[in-house]
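Asker: File final.tsv follows (TSV, C-alpha atoms):
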chain	number	residue	atom	x	y	z
A	276	MET	CA	121.78	45.48	-29.97
A	277	ALA	CA	118.85	46.85	-31.97
A	278	ARG	CA	119.67	44.44	-34.80
A	279	LEU	CA	119.66	41.54	-32.37
A	280	ARG	CA	116.25	42.59	-31.04
A	281	ASP	CA	114.91	42.92	-34.60
A	282	ALA	CA	116.30	39.51	-35.49
A	283	GLY	CA	114.69	38.03	-32.40
A	284	ARG	CA	111.34	39.55	-33.30
A	285	PHE	CA	111.63	38.23	-36.85
A	286	THR	CA	112.45	34.74	-35.60
A	287	ALA	CA	109.53	34.79	-33.17
A	288	LEU	CA	107.20	35.99	-35.95
A	289	ARG	CA	108.34	33.21	-38.26
A	290	ALA	CA	107.82	30.68	-35.46
A	291	ARG	CA	104.26	31.90	-34.86
A	292	GLN	CA	103.53	31.80	-38.59
A	293	ALA	CA	104.89	28.27	-38.81
A	294	GLY	CA	102.78	27.25	-35.83
A	295	ARG	CA	99.64	28.67	-37.41
A	296	LEU	CA	100.46	26.88	-40.67
A	297	VAL	CA	100.83	23.54	-38.90
A	298	ARG	CA	97.59	24.15	-37.00
A	299	ASP	CA	95.75	25.06	-40.19
A	300	VAL	CA	96.93	21.86	-41.86
A	301	LEU	CA	95.77	19.83	-38.88
A	302	VAL	CA	92.37	21.53	-38.91
A	303	ARG	CA	91.93	20.98	-42.65
A	304	ASN	CA	92.64	17.27	-42.29
A	305	ARG	CA	90.38	16.62	-39.32
A	306	PRO	CA	86.61	16.98	-39.16
A	307	ALA	CA	85.27	20.18	-37.64
A	308	GLN	CA	83.34	20.17	-34.39
A	309	ILE	CA	81.34	22.65	-32.35
A	310	ALA	CA	81.92	22.22	-28.61
A	311	VAL	CA	78.90	23.76	-26.90
A	312	TYR	CA	78.75	24.82	-23.26
A	313	ARG	CA	75.73	24.96	-21.00
A	314	GLY	CA	74.19	28.43	-21.17
A	315	TYR	CA	71.56	30.29	-19.20
A	316	GLY	CA	68.77	32.74	-19.88
A	317	SER	CA	65.58	34.45	-18.86
A	318	SER	CA	62.26	35.32	-20.46
A	319	ILE	CA	63.90	38.01	-22.61
A	320	ARG	CA	67.40	36.77	-23.51
A	321	ALA	CA	69.67	33.73	-23.55
A	322	TYR	CA	73.43	33.33	-23.34
A	323	LEU	CA	74.86	30.77	-25.77
A	324	HIS	CA	78.55	29.99	-26.03
A	325	GLY	CA	80.96	27.38	-27.31
A	326	ARG	CA	84.01	26.80	-29.47
A	327	THR	CA	84.72	25.78	-33.06
A	328	LEU	CA	87.66	23.42	-33.41
A	329	ALA	CA	88.98	20.35	-35.13
A	330	LYS	CA	87.52	17.23	-33.60
A	331	PRO	CA	89.61	16.25	-30.57
A	332	SER	CA	91.43	12.95	-30.50
A	333	TYR	CA	91.50	12.18	-26.76
A	334	SER	CA	89.83	9.04	-25.47
A	335	THR	CA	86.88	8.60	-23.10
A	336	ALA	CA	88.00	8.33	-19.47
A	337	ALA	CA	87.94	5.01	-17.64
A	338	ALA	CA	88.59	4.36	-13.96
A	339	GLY	CA	91.49	2.04	-14.75
A	340	ASP	CA	93.28	4.36	-17.18
A	341	PRO	CA	97.01	4.45	-16.48
A	342	ALA	CA	98.68	7.76	-15.65
A	343	TRP	CA	100.38	7.95	-19.06
A	344	ARG	CA	97.03	7.81	-20.86
A	345	ASN	CA	95.56	10.52	-18.66
A	346	LEU	CA	98.66	12.64	-19.30
A	347	LEU	CA	98.31	12.11	-23.07
A	348	ASN	CA	94.65	13.12	-22.97
A	349	THR	CA	95.53	16.22	-20.94
A	350	TYR	CA	98.15	17.17	-23.52
A	351	ARG	CA	95.70	16.67	-26.39
A	352	ARG	CA	93.12	18.85	-24.65
A	353	ALA	CA	95.69	21.59	-24.16
A	354	ARG	CA	96.76	21.31	-27.82
A	355	SER	CA	93.23	21.69	-29.19
A	356	ASN	CA	93.12	23.07	-32.73
A	357	PRO	CA	90.62	25.94	-32.94
A	358	ILE	CA	88.94	27.12	-36.11
A	359	ALA	CA	89.57	30.86	-35.91
A	360	HIS	CA	86.92	33.41	-36.92
A	361	ALA	CA	84.35	30.79	-37.86
A	362	LEU	CA	80.77	31.87	-38.43
A	363	VAL	CA	78.13	29.98	-36.47
A	364	ARG	CA	74.37	30.29	-36.37
A	365	VAL	CA	72.82	30.09	-32.90
A	366	GLU	CA	69.10	29.42	-32.51
A	367	PHE	CA	66.97	29.36	-29.39
A	368	ASN	CA	63.23	29.44	-28.93
A	369	GLY	CA	62.56	30.78	-32.40
A	370	SER	CA	65.29	33.45	-32.37
A	371	SER	CA	68.39	33.14	-34.58
A	372	GLN	CA	71.65	35.02	-35.09
A	373	VAL	CA	74.96	34.44	-36.92
A	374	VAL	CA	77.97	35.21	-34.69
A	375	THR	CA	81.72	35.22	-35.29
A	376	ALA	CA	84.20	33.19	-33.25
A	377	ASP	CA	87.42	34.81	-32.06
A	378	ASP	CA	90.95	33.81	-33.06
A	379	GLU	CA	90.83	30.88	-30.60
A	380	GLY	CA	87.49	29.63	-31.92
A	381	PHE	CA	85.44	30.84	-28.94
A	382	PHE	CA	82.05	32.40	-29.54
A	383	SER	CA	79.48	33.82	-27.14
A	384	HIS	CA	76.29	35.74	-27.71
A	385	TRP	CA	73.30	37.12	-25.85
A	386	LEU	CA	70.33	36.24	-28.03
A	387	ALA	CA	67.32	38.51	-27.57
A	388	ILE	CA	63.96	36.75	-27.23
A	389	PRO	CA	60.71	38.48	-28.22
A	390	PRO	CA	58.22	38.68	-25.31
A	391	SER	CA	55.76	36.55	-27.27
A	392	ASP	CA	58.33	33.74	-27.49
A	393	ALA	CA	59.37	33.62	-23.82
A	394	PRO	CA	60.74	30.11	-23.07
A	395	SER	CA	59.33	27.89	-20.36
A	396	HIS	CA	61.52	27.20	-17.33
A	397	GLY	CA	64.04	24.39	-16.97
A	398	TRP	CA	66.71	23.15	-19.32
A	399	ARG	CA	65.78	24.16	-22.88
A	400	ASP	CA	67.45	23.06	-26.13
A	401	ALA	CA	69.31	25.41	-28.44
A	402	SER	CA	71.01	24.62	-31.74
A	403	VAL	CA	74.32	25.74	-33.20
A	404	GLU	CA	75.44	25.28	-36.82
A	405	LEU	CA	78.75	25.97	-38.53
A	406	VAL	CA	78.17	28.42	-41.40
A	407	SER	CA	81.76	29.21	-42.42
A	408	PRO	CA	84.19	27.75	-43.24
A	409	VAL	CA	81.76	25.67	-45.25
A	410	PRO	CA	81.95	22.07	-44.02
A	411	GLY	CA	82.08	19.11	-46.37
A	412	SER	CA	79.07	17.14	-47.49
A	413	ARG	CA	77.78	16.83	-43.93
A	414	ALA	CA	76.58	19.80	-41.88
A	415	VAL	CA	78.35	20.48	-38.59
A	416	THR	CA	75.76	21.09	-35.87
A	417	ALA	CA	75.44	20.75	-32.11
A	418	ARG	CA	72.71	20.87	-29.48
A	419	ALA	CA	73.24	23.12	-26.49
A	420	GLN	CA	71.31	23.38	-23.25
A	421	VAL	CA	70.15	26.67	-21.75
A	422	LEU	CA	68.92	26.93	-18.16
A	423	VAL	CA	65.89	29.17	-17.62
A	424	PRO	CA	65.17	29.34	-13.86
A	425	HIS	CA	61.60	29.03	-12.60
A	426	ALA	CA	59.97	32.34	-11.71
A	427	ALA	CA	59.21	30.95	-8.25
A	428	ALA	CA	62.85	30.09	-7.45
A	429	ALA	CA	63.71	31.28	-3.93
A	430	PHE	CA	67.39	31.97	-4.62
A	431	GLY	CA	70.29	31.06	-6.88
A	432	VAL	CA	73.68	29.53	-6.09
A	433	ILE	CA	77.00	30.59	-7.61
A	434	SER	CA	79.83	28.22	-6.74
A	435	ASP	CA	83.53	27.94	-7.41
A	436	LEU	CA	84.83	24.47	-8.39
A	437	ASP	CA	88.50	23.90	-7.53
A	438	ASP	CA	88.96	23.28	-3.80
A	439	THR	CA	85.30	24.13	-3.28
A	440	VAL	CA	83.59	21.20	-5.00
A	441	ILE	CA	86.58	19.29	-6.40
A	442	GLN	CA	89.63	18.42	-4.33
A	443	SER	CA	92.17	20.17	-6.56
A	444	ARG	CA	94.87	21.36	-4.13
A	445	VAL	CA	95.37	24.54	-6.11
A	446	THR	CA	97.31	26.09	-3.21
A	447	ASN	CA	100.11	23.63	-4.00
A	448	PHE	CA	101.17	24.01	-7.63
A	449	LEU	CA	102.87	20.62	-7.96
A	450	GLN	CA	99.99	18.71	-6.35
A	451	ALA	CA	97.43	20.58	-8.47
A	452	ALA	CA	99.40	19.87	-11.64
A	453	ARG	CA	99.64	16.19	-10.75
A	454	THR	CA	95.87	16.02	-10.13
A	455	VAL	CA	95.03	17.60	-13.47
A	456	MET	CA	97.71	15.99	-15.63
A	457	PHE	CA	97.64	12.43	-14.34
A	458	GLY	CA	93.95	12.09	-13.40
A	459	ASN	CA	90.60	12.09	-15.14
A	460	ALA	CA	86.93	12.64	-14.34
A	461	LEU	CA	86.71	9.24	-12.63
A	462	THR	CA	89.76	9.67	-10.40
A	463	ARG	CA	89.06	13.15	-9.07
A	464	LEU	CA	87.35	13.44	-5.70
A	465	PRO	CA	84.64	15.77	-4.39
A	466	PHE	CA	84.68	17.21	-0.90
A	467	GLU	CA	82.59	15.09	1.47
A	468	GLY	CA	78.87	15.78	1.37
A	469	VAL	CA	79.01	18.30	-1.49
A	470	ALA	CA	76.58	16.48	-3.81
A	471	GLU	CA	73.85	16.19	-1.17
A	472	PHE	CA	74.29	19.78	-0.02
A	473	TYR	CA	74.07	21.17	-3.55
A	474	HIS	CA	71.00	19.04	-4.26
A	475	ALA	CA	69.43	20.40	-1.07
A	476	LEU	CA	70.10	23.96	-2.21
A	477	ASN	CA	68.80	23.10	-5.67
A	478	ARG	CA	65.57	21.68	-4.21
A	479	GLY	CA	65.15	24.52	-1.75
A	480	ARG	CA	62.33	24.48	0.74
A	481	ASP	CA	58.56	24.61	0.20
A	482	THR	CA	58.59	26.51	-3.12
A	483	GLY	CA	58.16	23.55	-5.48
A	484	ALA	CA	60.61	25.24	-7.87
A	485	GLU	CA	64.26	24.34	-8.39
A	486	ASN	CA	66.86	26.95	-7.46
A	487	PRO	CA	69.47	27.43	-10.23
A	488	VAL	CA	73.11	26.48	-9.58
A	489	PHE	CA	75.91	28.17	-11.53
A	490	TYR	CA	79.59	27.23	-11.52
A	491	VAL	CA	82.15	30.01	-12.05
A	492	SER	CA	85.76	28.88	-12.13
A	493	SER	CA	89.17	29.96	-13.43
A	494	SER	CA	89.79	26.46	-14.79
A	495	PRO	CA	90.48	26.47	-18.54
A	496	TRP	CA	87.80	25.67	-21.11
A	497	ASN	CA	89.95	22.74	-22.24
A	498	LEU	CA	88.80	20.90	-19.10
A	499	TYR	CA	85.10	21.51	-19.70
A	500	ASP	CA	84.29	17.89	-20.60
A	501	VAL	CA	86.30	16.59	-17.61
A	502	ILE	CA	84.34	18.81	-15.22
A	503	GLU	CA	80.99	17.93	-16.81
A	504	ASP	CA	81.79	14.21	-16.52
A	505	PHE	CA	82.95	14.68	-12.92
A	506	LEU	CA	79.67	16.36	-11.92
A	507	ALA	CA	77.68	13.56	-13.56
A	508	VAL	CA	79.73	10.74	-11.99
A	509	GLN	CA	79.55	12.27	-8.51
A	510	GLY	CA	75.83	13.10	-8.76
A	511	ILE	CA	76.35	16.84	-8.31
A	512	PRO	CA	73.63	19.07	-9.84
A	513	HIS	CA	74.35	20.28	-13.35
A	514	GLY	CA	74.48	23.98	-14.00
A	515	PRO	CA	75.96	26.45	-16.44
A	516	LEU	CA	79.76	26.27	-16.36
A	517	LEU	CA	81.63	29.54	-16.84
A	518	LEU	CA	85.34	28.83	-17.22
A	519	ARG	CA	88.24	30.86	-18.63
A	520	ASP	CA	90.50	30.90	-21.66
A	521	TRP	CA	94.13	30.37	-20.68
A	522	ASP	CA	96.71	31.71	-23.13
A	523	PHE	CA	99.61	31.23	-20.66
A	524	SER	CA	100.63	34.87	-20.86
A	525	PRO	CA	101.70	36.59	-17.61
A	526	ARG	CA	98.55	38.71	-17.75
A	527	SER	CA	96.26	35.70	-18.25
A	528	LEU	CA	97.81	33.83	-15.32
A	529	SER	CA	97.78	36.79	-12.94
A	530	SER	CA	95.52	37.16	-9.90
A	531	HIS	CA	94.02	40.22	-11.58
A	532	ALA	CA	92.76	38.06	-14.45
A	533	HIS	CA	91.29	35.63	-11.91
A	534	HIS	CA	89.51	38.51	-10.14
A	535	ALA	CA	88.23	40.01	-13.38
A	536	HIS	CA	86.90	36.75	-14.79
A	537	LYS	CA	85.04	35.68	-11.67
A	538	GLY	CA	83.73	39.12	-10.84
A	539	ASP	CA	82.49	39.79	-14.38
A	540	ALA	CA	80.80	36.38	-14.65
A	541	ILE	CA	79.02	36.84	-11.31
A	542	ARG	CA	77.88	40.34	-12.22
A	543	GLU	CA	76.47	39.04	-15.52
A	544	ILE	CA	74.44	36.39	-13.69
A	545	LEU	CA	73.15	38.88	-11.11
A	546	GLY	CA	72.18	41.29	-13.87
A	547	THR	CA	70.26	38.59	-15.73
A	548	TYR	CA	68.08	37.83	-12.68
A	549	PRO	CA	67.70	41.22	-10.92
A	550	SER	CA	65.06	40.05	-8.45
A	551	LEU	CA	66.74	36.78	-7.42
A	552	PRO	CA	68.91	36.63	-4.27
A	553	PHE	CA	72.04	34.46	-4.33
A	554	ILE	CA	74.28	32.30	-2.16
A	555	LEU	CA	77.99	32.40	-3.05
A	556	ILE	CA	80.25	29.40	-2.31
A	557	GLY	CA	84.03	29.35	-2.58
A	558	ASP	CA	87.24	28.52	-0.73
A	559	SER	CA	90.02	30.30	1.14
A	560	GLY	CA	92.82	29.07	-1.13
A	561	GLN	CA	92.68	31.82	-3.73
A	562	GLN	CA	90.75	35.10	-3.72
A	563	ASP	CA	87.11	34.00	-3.40
A	564	PRO	CA	86.55	35.79	-0.05
A	565	GLU	CA	87.87	39.07	-1.48
A	566	ILE	CA	85.90	38.74	-4.73
A	567	TYR	CA	82.67	37.84	-2.93
A	568	HIS	CA	83.21	40.62	-0.37
A	569	ARG	CA	83.28	43.13	-3.23
A	570	ILE	CA	80.15	41.63	-4.83
A	571	VAL	CA	78.25	41.92	-1.51
A	572	HIS	CA	79.03	45.64	-1.37
A	573	GLU	CA	78.22	46.21	-5.04
A	574	TYR	CA	74.86	44.43	-4.79
A	575	PRO	CA	73.29	45.26	-1.41
A	576	ASP	CA	70.51	42.87	-0.35
A	577	ARG	CA	71.25	40.47	-3.25
A	578	ILE	CA	73.72	38.14	-1.52
A	579	VAL	CA	72.08	36.35	1.42
A	580	ALA	CA	75.14	34.29	2.43
A	581	VAL	CA	78.74	33.49	1.51
A	582	TYR	CA	80.21	30.09	2.38
A	583	ILE	CA	84.01	29.76	2.26
A	584	ARG	CA	85.61	26.34	2.63
A	585	ASP	CA	88.77	26.66	4.75
A	586	VAL	CA	91.50	24.87	2.78
A	587	VAL	CA	94.47	26.96	3.96
A	588	ARG	CA	93.96	26.99	7.74
A	589	THR	CA	96.70	29.41	8.70
A	590	PRO	CA	96.18	32.07	11.39
A	591	GLU	CA	97.03	34.86	8.97
A	592	ARG	CA	94.48	33.78	6.36
A	593	GLU	CA	91.79	33.15	8.95
A	594	ARG	CA	92.30	36.63	10.45
A	595	ALA	CA	92.03	38.21	6.99
A	596	ILE	CA	88.80	36.36	6.23
A	597	SER	CA	87.41	37.18	9.68
A	598	ALA	CA	87.91	40.89	8.92
A	599	LEU	CA	86.08	40.46	5.61
A	600	ALA	CA	83.27	38.60	7.39
A	601	GLN	CA	82.74	41.54	9.78
A	602	GLU	CA	82.41	43.94	6.86
A	603	VAL	CA	80.02	41.58	5.06
A	604	GLU	CA	77.87	41.40	8.20
A	605	ILE	CA	77.75	45.21	8.41
A	606	ALA	CA	76.60	45.20	4.77
A	607	GLY	CA	73.63	43.02	5.77
A	608	SER	CA	74.82	39.56	4.71
A	609	SER	CA	76.93	36.82	6.30
A	610	LEU	CA	80.25	35.20	5.42
A	611	LEU	CA	81.04	31.87	7.07
A	612	LEU	CA	84.46	30.21	7.05
A	613	VAL	CA	83.63	26.50	7.33
A	614	HIS	CA	85.83	23.43	7.79
A	615	ASP	CA	83.32	21.00	6.28
A	616	THR	CA	80.14	20.84	4.24
A	617	ARG	CA	77.96	20.03	7.25
A	618	ALA	CA	78.63	23.44	8.82
A	619	ALA	CA	77.37	25.22	5.70
A	620	ALA	CA	74.33	22.92	5.53
A	621	ALA	CA	73.48	23.57	9.19
A	622	HIS	CA	73.58	27.33	8.61
A	623	ALA	CA	71.41	27.02	5.47
A	624	ALA	CA	68.86	24.92	7.37
A	625	ALA	CA	68.79	27.40	10.26
A	626	ARG	CA	68.03	30.18	7.77
A	627	GLY	CA	65.22	28.15	6.20
A	628	TRP	CA	66.87	27.71	2.79
A	629	ILE	CA	66.98	23.91	3.00
A	630	ALA	CA	64.94	21.39	5.01
A	631	ASP	CA	66.18	20.48	8.49
A	632	ASP	CA	66.59	16.80	7.65
A	633	GLU	CA	68.96	17.70	4.80
A	634	VAL	CA	71.73	18.28	7.36
A	635	GLU	CA	71.60	14.60	8.37
A	636	ALA	CA	71.56	13.62	4.69
A	637	VAL	CA	74.73	15.66	4.14
A	638	GLU	CA	76.35	13.96	7.14
A	639	ARG	CA	75.46	10.51	5.79
A	640	GLU	CA	76.87	11.28	2.37
A	641	ALA	CA	80.00	12.82	3.88
A	642	ALA	CA	80.59	9.58	5.79
A	643	ALA	CA	80.08	7.57	2.59
A	644	ASP	CA	82.40	9.86	0.63
A	645	SER	CA	85.14	9.44	3.22
A	646	GLY	CA	84.74	5.66	3.33
A	647	ALA	CA	83.56	5.74	6.95
A	648	ALA	CA	80.13	4.36	6.06
A	649	PRO	CA	78.64	2.16	3.33
A	650	GLY	CA	77.63	4.02	0.22
A	651	LYS	CA	79.73	5.59	-2.46
A	652	LYS	CA	82.86	3.84	-3.56
A	653	PRO	CA	85.62	6.43	-3.30
A	654	ALA	CA	87.58	7.15	-6.47
A	655	PRO	CA	91.15	5.82	-6.56
A	656	ALA	CA	93.86	8.19	-5.36
Just give me the structure of the file as structure tokens.

Answerer:
Amino acid sequence: MARLRDAGRFTALRARQAGRLVRDVLVRNRPAQIAVYRGYGSSIRAYLHGRTLAKPSYSTAAAGDPAWRNLLNTYRRARSNPIAHALVRVEFNGSSQVVTADDEGFFSHWLAIPPSDAPSHGWRDASVELVSPVPGSRAVTARAQVLVPHAAAAFGVISDLDDTVIQSRVTNFLQAARTVMFGNALTRLPFEGVAEFYHALNRGRDTGAENPVFYVSSSPWNLYDVIEDFLAVQGIPHGPLLLRDWDFSPRSLSSHAHHAHKGDAIREILGTYPSLPFILIGDSGQQDPEIYHRIVHEYPDRIVAVYIRDVVRTPERERAISALAQEVEIAGSSLLLVHDTRAAAAHAAARGWIADDEVEAVEREAAADSGAAPGKKPAPA
């Protein structure tokens, strides 16, 4: 039996080595690329992140793409060929540092900024350059964007994506898989009124400064470009996207990994802006209420409201969230389980976070999104 186990381990090792060899050959024969992700920062530091990989071969999405083409593009995204342990130079606002990517090509770094070089607010440009492996005759570079919120921002927003902004049906595995595998950025649908509500939160009320919006999701980094394109097509405010690496191990796919990723990302944002209050937005399908409930208790007086979109609608789940809401209220905040975007907008207007007329604007867009009124053309099913 021991010999059989040893033989199995040897076979698995040889298979992994063969896989790495094939991947290395593919990488050597395709141009390198740096995929950069939107970062965020403050007056003293900036978070830059991305991935080094062989240039992907999937095509740009079109509304009329057949299902087989979307499936092929999904497969090619999942089979991305990373450049492991690459060295990249990140530069932002006069500060520079060489960082090392991990074995999947991912790199991330908090770049310290001298007080004399504090960046102005808004979206600021950063640059990334591949240092090693040495590219061919042409340098491999990329431009990243870093969000530096205005000092006068009234609050920030941290939002989930799947079943909060995007209709993903993650509570049904087969439906979620079909949505991801056979769709693209132009076929996926937002929840009604989301774009107008998020713009209202982004504009705020009477401060003249935009409130930052962050997106924290357990979706894989391989879908970053799909999500970015979706936000642009649907007119939803851009913000830093903090996704997750999926290695398809039992640990990576567990609910604990989901909790850890979201909780850690939210804590990092809150720590970067210690004087800024936040609104958290999620859904009832996974563990957003539980994660946000913990954040409220860890950061008293920092979370002014939690909005949870009800996508499950079972008595058991509603009772569980109602119990969490009571504890959140005792902690000095509020957790609302809402059936539609208008309910969240009405609460935000009542609290003075958005203008009163924004509620009607959300209603109008929701009607347009659902096809009940002229306006947006809904994406194909």

Asker: Quick one: everything within 9 Å of Trp398 of chain A, counting all atoms listed in the file, minus sequence neighbours fewer than 4 positions away in the same chain. Send it as number ranges by chain.

Answerer: A: 315, 420-424

Asker: Write out as a PyMOL selection string the residues lying within 6 Å of Arg480 of chain A, counting all atoms listed in the file and excluding same-chain residues fewer than 6 positions away.

Answerer: chain A and resi 628-630

Asker: Point out the residue among A:Leu506, A:Leu517, A:Ile596, A:Val637 with the least atom-to-atom distance to Ala620 of chain A, counting all atoms listed in the file.

Answerer: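 Once distances to Ala620 of chain A are computed over all atoms listed in the file, the minimum belongs to A:Val637.
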
Asker: Would you mind listing what lies within 12 Å of segment 407-417 of chain A as a CSV table (one decimal) with C-alpha atoms, in the coordinates of the input, with all atoms listed in the file counted and same-chain residues fewer than 6 positions away left out?

Answerer:
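So the final result, stored in result16.csv, reads:
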chain,number,residue,atom,x,y,z
A,302,VAL,CA,92.4,21.5,-38.9
A,303,ARG,CA,91.9,21.0,-42.6
A,304,ASN,CA,92.6,17.3,-42.3
A,305,ARG,CA,90.4,16.6,-39.3
A,306,PRO,CA,86.6,17.0,-39.2
A,307,ALA,CA,85.3,20.2,-37.6
A,308,GLN,CA,83.3,20.2,-34.4
A,309,ILE,CA,81.3,22.6,-32.4
A,310,ALA,CA,81.9,22.2,-28.6
A,311,VAL,CA,78.9,23.8,-26.9
A,312,TYR,CA,78.8,24.8,-23.3
A,313,ARG,CA,75.7,25.0,-21.0
A,323,LEU,CA,74.9,30.8,-25.8
A,324,HIS,CA,78.6,30.0,-26.0
A,325,GLY,CA,81.0,27.4,-27.3
A,326,ARG,CA,84.0,26.8,-29.5
A,327,THR,CA,84.7,25.8,-33.1
A,328,LEU,CA,87.7,23.4,-33.4
A,329,ALA,CA,89.0,20.4,-35.1
A,330,LYS,CA,87.5,17.2,-33.6
A,358,ILE,CA,88.9,27.1,-36.1
A,359,ALA,CA,89.6,30.9,-35.9
A,360,HIS,CA,86.9,33.4,-36.9
A,361,ALA,CA,84.4,30.8,-37.9
A,362,LEU,CA,80.8,31.9,-38.4
A,363,VAL,CA,78.1,30.0,-36.5
A,364,ARG,CA,74.4,30.3,-36.4
A,365,VAL,CA,72.8,30.1,-32.9
A,366,GLU,CA,69.1,29.4,-32.5
A,373,VAL,CA,75.0,34.4,-36.9
A,374,VAL,CA,78.0,35.2,-34.7
A,375,THR,CA,81.7,35.2,-35.3
A,376,ALA,CA,84.2,33.2,-33.2
A,380,GLY,CA,87.5,29.6,-31.9
A,400,ASP,CA,67.4,23.1,-26.1
A,401,ALA,CA,69.3,25.4,-28.4

Asker: Just checking: using only C-alpha atoms, which residue out of A:Gln601, A:Ser559, A:Thr616, A:Ser493 ends up closest to Ala470 of chain A?

Answerer: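 Smallest separation from Ala470 of chain A among the options: A:Thr616.
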
Asker: Distance atom CA of Ile433 of chain A-atom CA of Tyr548 of chain A, one decimal place?

Answerer: 12.6 Å

Asker: When you look at Pro394 of chain A with a cut-off of 10 Å (counting all atoms listed in the file), what residues show up, excluding the ones that are within fewer than 5 positions of it in the same chain? I need them as a VMD selection string.

Answerer: chain A and resid 316 to 321 367 to 369 388 to 389 399 423

Asker: Write to file, as a short mmCIF file (atom, residue, chain, number, x, y, z; two decimals), in the frame of the given file, the residues of the selection just made, with C-alpha atoms.

Answerer:
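The resulting file, result07.cif, is reproduced below:
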data_model
loop_
_atom_site.label_atom_id
_atom_site.label_comp_id
_atom_site.auth_asym_id
_atom_site.auth_seq_id
_atom_site.Cartn_x
_atom_site.Cartn_y
_atom_site.Cartn_z
CA GLY A 316 68.77 32.74 -19.88
CA SER A 317 65.58 34.45 -18.86
CA SER A 318 62.26 35.32 -20.46
CA ILE A 319 63.90 38.01 -22.61
CA ARG A 320 67.40 36.77 -23.51
CA ALA A 321 69.67 33.73 -23.55
CA PHE A 367 66.97 29.36 -29.39
CA ASN A 368 63.23 29.44 -28.93
CA GLY A 369 62.56 30.78 -32.40
CA ILE A 388 63.96 36.75 -27.23
CA PRO A 389 60.71 38.48 -28.22
CA ARG A 399 65.78 24.16 -22.88
CA VAL A 423 65.89 29.17 -17.62
#
